[in-house]
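Take a look at the structure set out below.
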Amino acid sequence: MASCYISTGYTLDCRTSSTGGLKQLWILGGQNNAITGYTVTNSQVSAIGGTGTWFNFELPKQAASLTENLGVNTTSQSVTFQPELVLNLPKLDTNLRDVVVDLVSQNEIYALVEDNNNRYWLVFLDNGGIVSASSLQSGQAYTDLNGASALTISGGEPTSIREVAVSTTIGAVFTAGGFTFQS
């Protein structure tokens with residue numbers, strides 16, 4: 001029987017070290033894109049290999065979030081991790097429409113996000129995610145969002161999201177593994 005036990009506790013940090021929201025998003029794209037492997041050291045991804053380009057998406061302040069829910073089936077004793085990215089992207093135009101259509105057509109989306117605490121997280125690392133909801137809207141009032149609203153990328157994974165260990169730059173972590181990285 002497997003040994004399942006708690007191996008560490010949790011200590012609270014300063015209240016100023018936990019700011020919500022996302023700063024940036026990168027999505028793996030290009031022809032024949034693939035993650036061929038990764039190394040986990042101290043629960044963080046320390047190396048990743050594959051092909052393709054990680055395309056950068058600039059995110060407006062307070063307009064994007066990452067959530068990971070837990071799916072538990074007590075009968076089968078199985079657990080899945082269900083990450084979800086929700087994005088609001090301004091400026092409804094042909095470029096944004098084309099980006100949304102391209103994302104919707106993908107069968108496997110691999111994502112990297114930088115949160116507002118300067119931490120990088122790999123999302124949909126094993127199975128990839130898909131766009132599960134979105135709407136393009138013009139807004140009604142002058143201050144309403146004109147763009148893509150609640151563009152949701154969701155998935156189901158065997159393991160939780162992984163933080164990326166960054167010793168130099170985030171780009172160096174990915175280009176060392178064979179990827180092209182758009183800053």
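Please note that chains go A, B, ... in the order of the structure tokens, that every chain numbers its residues from 1, and that ligands are numbered from 1 in the order shown.
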
task: Name the residues in contact with range 126-132 of chain A at a cut-off of 7 Å, using only C-alpha atoms, excluding same-chain residues fewer than 4 positions from it; report them as a PyMOL selection string.
output: chain A and resi 103-104+106-110+152-157

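Taking CA of Leu25 in chain A and CA of Phe55 in chain A as the two end points, the separation is 8.1 Å.
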
Residues of range 40-96 of chain A in strand (DSSP E or B), written as a PyMOL selection string: chain A and resi 40-41+44-58+64-73+78-90

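The residues of chain A that DSSP classifies as alpha helix (DSSP H), using the backbone of this structure, are Thr94, Asn95, Leu96, Arg97, Asp98, Val99, Val100, Val101, Asp102, Leu103, Val104, Ser105, Ile170, Gly171, Ala172, Val173, Phe174 and Thr175 of chain A.
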
message: as number ranges by chain, please: the residues near range 37-41 of chain A (cut-off 12 Å, only C-alpha atoms, same-chain neighbours under 4 positions excluded).
response: A: 45-51, 122, 125-126, 159, 161-166, 173-174, 176-178

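Take CA of Val123 in chain A and CA of Glu68 in chain A: the distance between them is 9.4 Å.
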
Proximity of range 116-138 of chain A to range 88-98 of chain A: per-residue shortest pair, 8 Å limit, only C-alpha atoms, as JSON lines:
```
{"residue": "A:Leu136", "atom": "CA", "partner": "A:Leu92", "partner_atom": "CA", "distance": 7.1}
{"residue": "A:Gln137", "atom": "CA", "partner": "A:Leu92", "partner_atom": "CA", "distance": 7.2}
{"residue": "A:Ser138", "atom": "CA", "partner": "A:Leu92", "partner_atom": "CA", "distance": 6.9}
```

All residues 6 Å or closer to range 58-62 of chain A, only C-alpha atoms, same chain fewer than 6 positions away omitted, as a JSON list (two decimals) with C-alpha atoms, in the first residue's frame:
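Output saved as part-v2.json:
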```json
[["chain", "number", "residue", "atom", "x", "y", "z"],
["A", 21, "GLY", "CA", -4.27, 38.49, -10.33],
["A", 23, "LYS", "CA", 0.48, 40.03, -15.08],
["A", 24, "GLN", "CA", 1.31, 38.07, -18.21]]
```

task: Would you mind listing what lies within 6 Å of Ala150 in chain A as a list in words, with only C-alpha atoms counted and same-chain residues fewer than 6 positions away left out?
output: Val86, Leu87, Asn88 and Ser134 of chain A
